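Trainee: One structure is given below, represented as structure tokens, and several questions about it will come after.
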Amino acid sequence: MNKTIRRAAVFTLLLVFALLVRATWVQFYDGRALADDKDNRRGAIATYAQPLGNIVVGGRAVTGSARTTSGDLAYRRTYEDGKLYAAITGYSSQVYGTTQLEGVYKDLLNGSDSRLRDPLDTLTGERAAPGDVVTTIDPEVQQAGYRALGGKKGAAVAIDPATGRILAVVSTPSYDPSVLSTGDSAAWKKLTEDPDKPMTNRALRQPLPPGSTFKLVVAAAALEDGRYASVDTPTDSPDPYRLPGTTRDLANENPSAPCENATLRTALRYSCNNVFAKLAVDLGQDKVRAMADRFGFDDSAQDVPVRAYPSVYPSGMDQAQTALSGIGQFDVTATPLQMAMVSAAIANGGTLVSPHMVSRTTDGNGNVVRDYDDHPDSKRIVSASTAAQLQSAMRTVVEQGTGTNARVDGVTVGGKTGTAQHGENNSQVPYAWFTSFGTSQRTGKQIAVAVLVEQSDAARSEVSGNGLAAPVARAMTEAALK
């Protein structure tokens, strides 16, 4: 073979090799990018070519799939009790994508999850039968919270302290995900432009100032630090308390309450601002933040499995700001999920079991793909002794203090109210909070609840955690422990 022929052969082989590399690149890289492109209709056609798997609540599917009569998609997503469960299911839309559990488990619900495939599916590249998502939600607790919130703008979360199972995730006002399934642009525009933001998941994804419910965190920090031997030890708390470095005295909601040098029990019972503001300054922001973070604040990866927005305890504060943080103001923010976690850890003897709202996922034959109830993560937040002290003080709040509307016959209830300032110089209607735990006196079964009422028809003077939020917690506690 002469040199010219040899060079031509090598050049030809290089061209063939280049074509093979390019074809491989297109097949496995560009092809995947094109397949995942939001404007590629083939993805939607494949997703809705068969009925989707379902999201299950209390043994009943609250989602479904309906056969379409026109267009290139064979099925569309449907929802039962859509408004009731929207904060849990989210929506699955051929145009607007997926959210909440519909988004987290999209691949499992449409059959493209590799864990669903058998060997034949792997060889043929066919989609497997879709799987289901079985939730931990208790439909009666969910309904009780939704009904009790009624026309109010707010949210509620309920947790089983012993297992971490989330029993309810309520956000009001809500919306029906079915109206988005077909990509109705008018419905989308109406929902996204609604000033009440019905598609916002207020339970998991809208942190707001927690007000006096945060005093539980400060009390826990004080007891764990050994600053006071028990919740019945008098504190060093002048009333009024002047914010350090200012000329402003911090007022208490009830001017006649016995808040001067009050014990932690009395301070929680009457929600004494002077006690917890000074306590936050005495402890220092680093110790308060350390305790808040142990409860779950400042966690940017709080998945339940929907990603919750982090609750925040601020840093870089001066002493006056640190004092205000001690009563859940300044730049402290929390979600109802977070405040339910605080009560859950206290109720569970100081141990927080990771909250989760999915019990298990299954394949098309009902076989378990993953069991989330099997040995969930847990961590000790405070000692058993501190937890017992806080439980006792929280019971006093409900039995004799500011949380009497949370009482339930046959249930031992402990709680903490909160009224958080809203707007510059508290110019807008305050937020009403309540967080609690309940223990059945008959069975020992427990529930932890947090309720936020962001806005209601109540007059400003009538806005309180006990008046607006505690009755919601009571209804959910009754539903869970009856």
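Here, A, B, ... name the chains of the structure tokens in the order displayed, residue numbers run from 1 inside each chain, and ligands are numbered from 1 in the same displayed order.
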Taking 6 positions as the minimum chain separation for residues in the same chain, which residues sit within 7 Å of stretch 300-314 of chain A when counting only C-alpha atoms? Answer as a ChimeraX atom specification.
Mentor: /A:100-101,104,204-207,289,292,331-335,338,355-357
Trainee: Can you list, as number ranges by chain, all residues belonging to stretch 284-344 of chain A that DSSP tags as helix (DSSP H, G or I)?
Mentor: A: 285-295, 319-325, 336-344
Trainee: What lies within 12 Å of A:Asp232 using only C-alpha atoms, ignoring chain neighbours under 5 positions off, as a list in words?
Mentor: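 So, after excluding close chain neighbours, the residues are Ala219, Leu223, Asn261, Ala262, Thr263, Leu264, Arg265, Thr266, Ala267, Leu268, Arg269, Gln389, Leu390, Ser392, Ala393 and Thr396 of chain A.
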Trainee: Which polymer residues have any atom within 6 Å of an atom of A:Pro238, counting only C-alpha atoms, with same-chain residues fewer than 2 positions away left out, as a PyMOL selection string?
Mentor: chain A and resi 240-241+260
Trainee: Rounded to one decimal in Å, what is the spacing between atom CA of A:Gly414 and atom CA of A:Lys278?
Mentor: 24.2 Å
Trainee: Neighbours of stretch 172-186 of chain A within 6 Å (only C-alpha atoms; same-chain residues fewer than 3 positions away dropped), as JSON, numbers by chain?
Mentor: {"A": [77, 78, 79, 82, 83, 91, 93, 95, 153, 154, 189, 198]}
Trainee: For N, CA and C atoms, I'd like the residues from the last selection saved as a PDB file, in the first residue's frame.
Mentor:
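Written out: out29.pdb:
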```
ATOM      1  N   ARG A  77     -54.562  14.829  34.785  1.00  0.00           N
ATOM      2  CA  ARG A  77     -54.593  14.583  36.214  1.00  0.00           C
ATOM      3  C   ARG A  77     -55.898  15.094  36.816  1.00  0.00           C
ATOM      4  N   THR A  78     -56.454  14.353  37.771  1.00  0.00           N
ATOM      5  CA  THR A  78     -57.657  14.780  38.491  1.00  0.00           C
ATOM      6  C   THR A  78     -57.391  14.697  39.994  1.00  0.00           C
ATOM      7  N   TYR A  79     -58.218  15.419  40.752  1.00  0.00           N
ATOM      8  CA  TYR A  79     -58.035  15.479  42.206  1.00  0.00           C
ATOM      9  C   TYR A  79     -59.389  15.374  42.903  1.00  0.00           C
ATOM     10  N   GLY A  82     -59.692  18.504  46.183  1.00  0.00           N
ATOM     11  CA  GLY A  82     -58.478  19.194  45.757  1.00  0.00           C
ATOM     12  C   GLY A  82     -58.048  20.315  46.683  1.00  0.00           C
ATOM     13  N   LYS A  83     -58.991  21.145  47.117  1.00  0.00           N
ATOM     14  CA  LYS A  83     -58.649  22.268  47.997  1.00  0.00           C
ATOM     15  C   LYS A  83     -58.152  21.790  49.355  1.00  0.00           C
ATOM     16  N   TYR A  91     -49.757  20.281  42.337  1.00  0.00           N
ATOM     17  CA  TYR A  91     -50.469  20.021  41.088  1.00  0.00           C
ATOM     18  C   TYR A  91     -49.540  19.377  40.070  1.00  0.00           C
ATOM     19  N   SER A  93     -49.449  19.495  36.007  1.00  0.00           N
ATOM     20  CA  SER A  93     -50.047  20.146  34.850  1.00  0.00           C
ATOM     21  C   SER A  93     -49.209  19.911  33.611  1.00  0.00           C
ATOM     22  N   VAL A  95     -48.882  21.875  31.286  1.00  0.00           N
ATOM     23  CA  VAL A  95     -48.293  23.158  30.882  1.00  0.00           C
ATOM     24  C   VAL A  95     -47.431  23.759  31.980  1.00  0.00           C
ATOM     25  N   LYS A 153     -56.964  33.467  56.674  1.00  0.00           N
ATOM     26  CA  LYS A 153     -55.714  33.244  55.957  1.00  0.00           C
ATOM     27  C   LYS A 153     -54.715  32.705  56.964  1.00  0.00           C
ATOM     28  N   GLY A 154     -54.263  31.474  56.765  1.00  0.00           N
ATOM     29  CA  GLY A 154     -53.372  30.898  57.759  1.00  0.00           C
ATOM     30  C   GLY A 154     -52.912  29.510  57.398  1.00  0.00           C
ATOM     31  N   LYS A 189     -53.785  32.494  35.509  1.00  0.00           N
ATOM     32  CA  LYS A 189     -53.674  33.943  35.703  1.00  0.00           C
ATOM     33  C   LYS A 189     -54.448  34.379  36.942  1.00  0.00           C
ATOM     34  N   PRO A 198     -53.352  31.979  47.043  1.00  0.00           N
ATOM     35  CA  PRO A 198     -53.826  30.648  47.445  1.00  0.00           C
ATOM     36  C   PRO A 198     -52.859  29.517  47.120  1.00  0.00           C
TER      37      PRO A 198
END
```
Trainee: Pull the strand (DSSP E) assignments for stretch 255-479 of chain A out of DSSP run on the backbone, and list those residues as a count of residues only.
Mentor: 54
Trainee: Find the spatial neighbours of A:Val342, counting only C-alpha atoms, within a cut-off of 8 Å - ignore same-chain residues fewer than 5 positions away - and output them as a PDB file with all heavy atoms, in the first residue's frame.
Mentor:
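Listed below is the output, part-v5.pdb:
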```
ATOM      1  N   LEU A 216     -40.513  29.450  74.023  1.00  0.00           N
ATOM      2  CA  LEU A 216     -40.198  28.064  74.387  1.00  0.00           C
ATOM      3  C   LEU A 216     -38.740  27.738  74.084  1.00  0.00           C
ATOM      4  O   LEU A 216     -38.076  27.029  74.848  1.00  0.00           O
ATOM      5  CB  LEU A 216     -41.120  27.096  73.634  1.00  0.00           C
ATOM      6  CG  LEU A 216     -42.598  27.125  74.008  1.00  0.00           C
ATOM      7  CD1 LEU A 216     -43.404  26.297  73.016  1.00  0.00           C
ATOM      8  CD2 LEU A 216     -42.809  26.642  75.441  1.00  0.00           C
ATOM      9  N   VAL A 217     -38.240  28.243  72.967  1.00  0.00           N
ATOM     10  CA  VAL A 217     -36.844  28.001  72.581  1.00  0.00           C
ATOM     11  C   VAL A 217     -35.904  28.686  73.571  1.00  0.00           C
ATOM     12  O   VAL A 217     -34.889  28.114  74.000  1.00  0.00           O
ATOM     13  CB  VAL A 217     -36.592  28.497  71.143  1.00  0.00           C
ATOM     14  CG1 VAL A 217     -35.125  28.336  70.769  1.00  0.00           C
ATOM     15  CG2 VAL A 217     -37.483  27.756  70.155  1.00  0.00           C
ATOM     16  N   PHE A 295     -33.379  22.828  67.294  1.00  0.00           N
ATOM     17  CA  PHE A 295     -34.794  22.553  67.018  1.00  0.00           C
ATOM     18  C   PHE A 295     -35.085  22.520  65.516  1.00  0.00           C
ATOM     19  O   PHE A 295     -36.143  22.041  65.107  1.00  0.00           O
ATOM     20  CB  PHE A 295     -35.675  23.601  67.681  1.00  0.00           C
ATOM     21  CG  PHE A 295     -36.007  23.315  69.121  1.00  0.00           C
ATOM     22  CD1 PHE A 295     -35.480  24.100  70.140  1.00  0.00           C
ATOM     23  CD2 PHE A 295     -36.858  22.275  69.463  1.00  0.00           C
ATOM     24  CE1 PHE A 295     -35.795  23.854  71.473  1.00  0.00           C
ATOM     25  CE2 PHE A 295     -37.174  22.009  70.795  1.00  0.00           C
ATOM     26  CZ  PHE A 295     -36.636  22.803  71.801  1.00  0.00           C
TER      27      PHE A 295
END
```
Trainee: Record the distance separating atom CA of A:Ala420 and atom CA of A:Leu452, expressed in Å with one decimal.
Mentor: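 A separation of 10.1 Å between them.
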Trainee: Atom CA of A:Ser378 and atom CA of A:Ala87 are how many Å apart?
Mentor: 25.0 Å
Trainee: Name the closest residue to A:Val463 among the candidates A:Val369, A:Ala129, A:Ala432, A:Ala345; distances are taken between atoms, counting only C-alpha atoms.
Mentor: A:Ala432
Trainee: List as a list in words the protein and nucleic acid residues near A:Lys106, meaning an atom at most 12 Å away when only C-alpha atoms are counted, but skip any in the same chain fewer than 6 places from it.
Mentor: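 The neighbour list is Ala44, Thr47, Tyr48, Leu52, Gly53, Asn54, Ile55, Thr89, Gly90, Tyr91, Ser92, Ser93, Gly97, Thr98, Thr99, Gln100, Ser112, Asp113, Pro130, Gly131, Asp132, Val133 and Thr361 of chain A.
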Trainee: Write the residues you've just listed into a file as a PDB file, in the first residue's frame, and include N, CA and C atoms for each of them.
Mentor:
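Output below, filename selection_18.pdb:
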```
ATOM      1  N   ALA A  44     -44.227  15.553  27.687  1.00  0.00           N
ATOM      2  CA  ALA A  44     -45.591  15.602  28.224  1.00  0.00           C
ATOM      3  C   ALA A  44     -46.441  14.482  27.644  1.00  0.00           C
ATOM      4  N   THR A  47     -45.509  11.361  29.457  1.00  0.00           N
ATOM      5  CA  THR A  47     -45.962  11.382  30.847  1.00  0.00           C
ATOM      6  C   THR A  47     -47.440  11.069  30.966  1.00  0.00           C
ATOM      7  N   TYR A  48     -48.231  11.650  30.062  1.00  0.00           N
ATOM      8  CA  TYR A  48     -49.689  11.489  30.146  1.00  0.00           C
ATOM      9  C   TYR A  48     -50.228  10.472  29.147  1.00  0.00           C
ATOM     10  N   LEU A  52     -51.467   8.190  35.586  1.00  0.00           N
ATOM     11  CA  LEU A  52     -50.399   8.369  36.551  1.00  0.00           C
ATOM     12  C   LEU A  52     -50.674   7.554  37.807  1.00  0.00           C
ATOM     13  N   GLY A  53     -49.614   7.287  38.557  1.00  0.00           N
ATOM     14  CA  GLY A  53     -49.796   6.695  39.870  1.00  0.00           C
ATOM     15  C   GLY A  53     -50.494   7.686  40.785  1.00  0.00           C
ATOM     16  N   ASN A  54     -50.858   7.254  41.975  1.00  0.00           N
ATOM     17  CA  ASN A  54     -51.682   8.080  42.846  1.00  0.00           C
ATOM     18  C   ASN A  54     -51.004   8.466  44.151  1.00  0.00           C
ATOM     19  N   ILE A  55     -51.487   9.561  44.715  1.00  0.00           N
ATOM     20  CA  ILE A  55     -51.118   9.990  46.055  1.00  0.00           C
ATOM     21  C   ILE A  55     -52.251   9.548  46.978  1.00  0.00           C
ATOM     22  N   THR A  89     -50.545  17.577  47.943  1.00  0.00           N
ATOM     23  CA  THR A  89     -50.353  17.013  46.609  1.00  0.00           C
ATOM     24  C   THR A  89     -49.631  17.971  45.675  1.00  0.00           C
ATOM     25  N   GLY A  90     -49.912  19.290  45.789  1.00  0.00           N
ATOM     26  CA  GLY A  90     -49.486  20.208  44.740  1.00  0.00           C
ATOM     27  C   GLY A  90     -50.307  19.939  43.496  1.00  0.00           C
ATOM     28  N   TYR A  91     -49.757  20.281  42.337  1.00  0.00           N
ATOM     29  CA  TYR A  91     -50.469  20.021  41.088  1.00  0.00           C
ATOM     30  C   TYR A  91     -49.540  19.377  40.070  1.00  0.00           C
ATOM     31  N   SER A  92     -50.146  18.671  39.119  1.00  0.00           N
ATOM     32  CA  SER A  92     -49.435  18.113  37.977  1.00  0.00           C
ATOM     33  C   SER A  92     -50.138  18.620  36.725  1.00  0.00           C
ATOM     34  N   SER A  93     -49.449  19.495  36.007  1.00  0.00           N
ATOM     35  CA  SER A  93     -50.047  20.146  34.850  1.00  0.00           C
ATOM     36  C   SER A  93     -49.209  19.911  33.611  1.00  0.00           C
ATOM     37  N   GLY A  97     -46.184  22.334  34.830  1.00  0.00           N
ATOM     38  CA  GLY A  97     -45.255  21.481  35.561  1.00  0.00           C
ATOM     39  C   GLY A  97     -45.868  20.865  36.795  1.00  0.00           C
ATOM     40  N   THR A  98     -45.031  20.596  37.784  1.00  0.00           N
ATOM     41  CA  THR A  98     -45.470  19.885  38.980  1.00  0.00           C
ATOM     42  C   THR A  98     -44.930  20.572  40.238  1.00  0.00           C
ATOM     43  N   THR A  99     -45.678  20.428  41.342  1.00  0.00           N
ATOM     44  CA  THR A  99     -45.242  20.974  42.625  1.00  0.00           C
ATOM     45  C   THR A  99     -45.557  19.995  43.747  1.00  0.00           C
ATOM     46  N   GLN A 100     -45.030  20.278  44.933  1.00  0.00           N
ATOM     47  CA  GLN A 100     -45.263  19.495  46.153  1.00  0.00           C
ATOM     48  C   GLN A 100     -44.988  18.007  45.887  1.00  0.00           C
ATOM     49  N   SER A 112     -41.341   6.520  35.082  1.00  0.00           N
ATOM     50  CA  SER A 112     -39.989   6.618  34.521  1.00  0.00           C
ATOM     51  C   SER A 112     -38.895   6.394  35.556  1.00  0.00           C
ATOM     52  N   ASP A 113     -39.245   6.230  36.821  1.00  0.00           N
ATOM     53  CA  ASP A 113     -38.260   5.967  37.875  1.00  0.00           C
ATOM     54  C   ASP A 113     -37.596   4.619  37.608  1.00  0.00           C
ATOM     55  N   PRO A 130     -46.701   2.850  36.637  1.00  0.00           N
ATOM     56  CA  PRO A 130     -46.403   3.887  37.634  1.00  0.00           C
ATOM     57  C   PRO A 130     -46.591   3.387  39.058  1.00  0.00           C
ATOM     58  N   GLY A 131     -45.888   4.053  39.990  1.00  0.00           N
ATOM     59  CA  GLY A 131     -46.009   3.717  41.396  1.00  0.00           C
ATOM     60  C   GLY A 131     -46.931   4.685  42.121  1.00  0.00           C
ATOM     61  N   ASP A 132     -47.136   4.442  43.409  1.00  0.00           N
ATOM     62  CA  ASP A 132     -47.995   5.281  44.244  1.00  0.00           C
ATOM     63  C   ASP A 132     -47.189   5.874  45.396  1.00  0.00           C
ATOM     64  N   VAL A 133     -47.698   6.991  45.932  1.00  0.00           N
ATOM     65  CA  VAL A 133     -47.106   7.646  47.094  1.00  0.00           C
ATOM     66  C   VAL A 133     -48.129   7.572  48.223  1.00  0.00           C
ATOM     67  N   THR A 361     -43.372   4.573  49.402  1.00  0.00           N
ATOM     68  CA  THR A 361     -43.673   4.580  47.975  1.00  0.00           C
ATOM     69  C   THR A 361     -43.749   3.126  47.514  1.00  0.00           C
TER      70      THR A 361
END
```
Trainee: Closest to A:Gln455 among A:Lys287, A:Lys215, A:Lys152, A:Arg60, using only C-alpha atoms?
Mentor: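 Once distances to A:Gln455 are computed over only C-alpha atoms, the minimum belongs to A:Lys152.
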Trainee: Give the answer as one residue: which of A:Thr435, A:Ser385, A:Gln94, A:Ser354 has the shortest atom-to-atom distance to A:Val449, using only C-alpha atoms?
Mentor: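 The answer is A:Thr435, which sits nearest to A:Val449.
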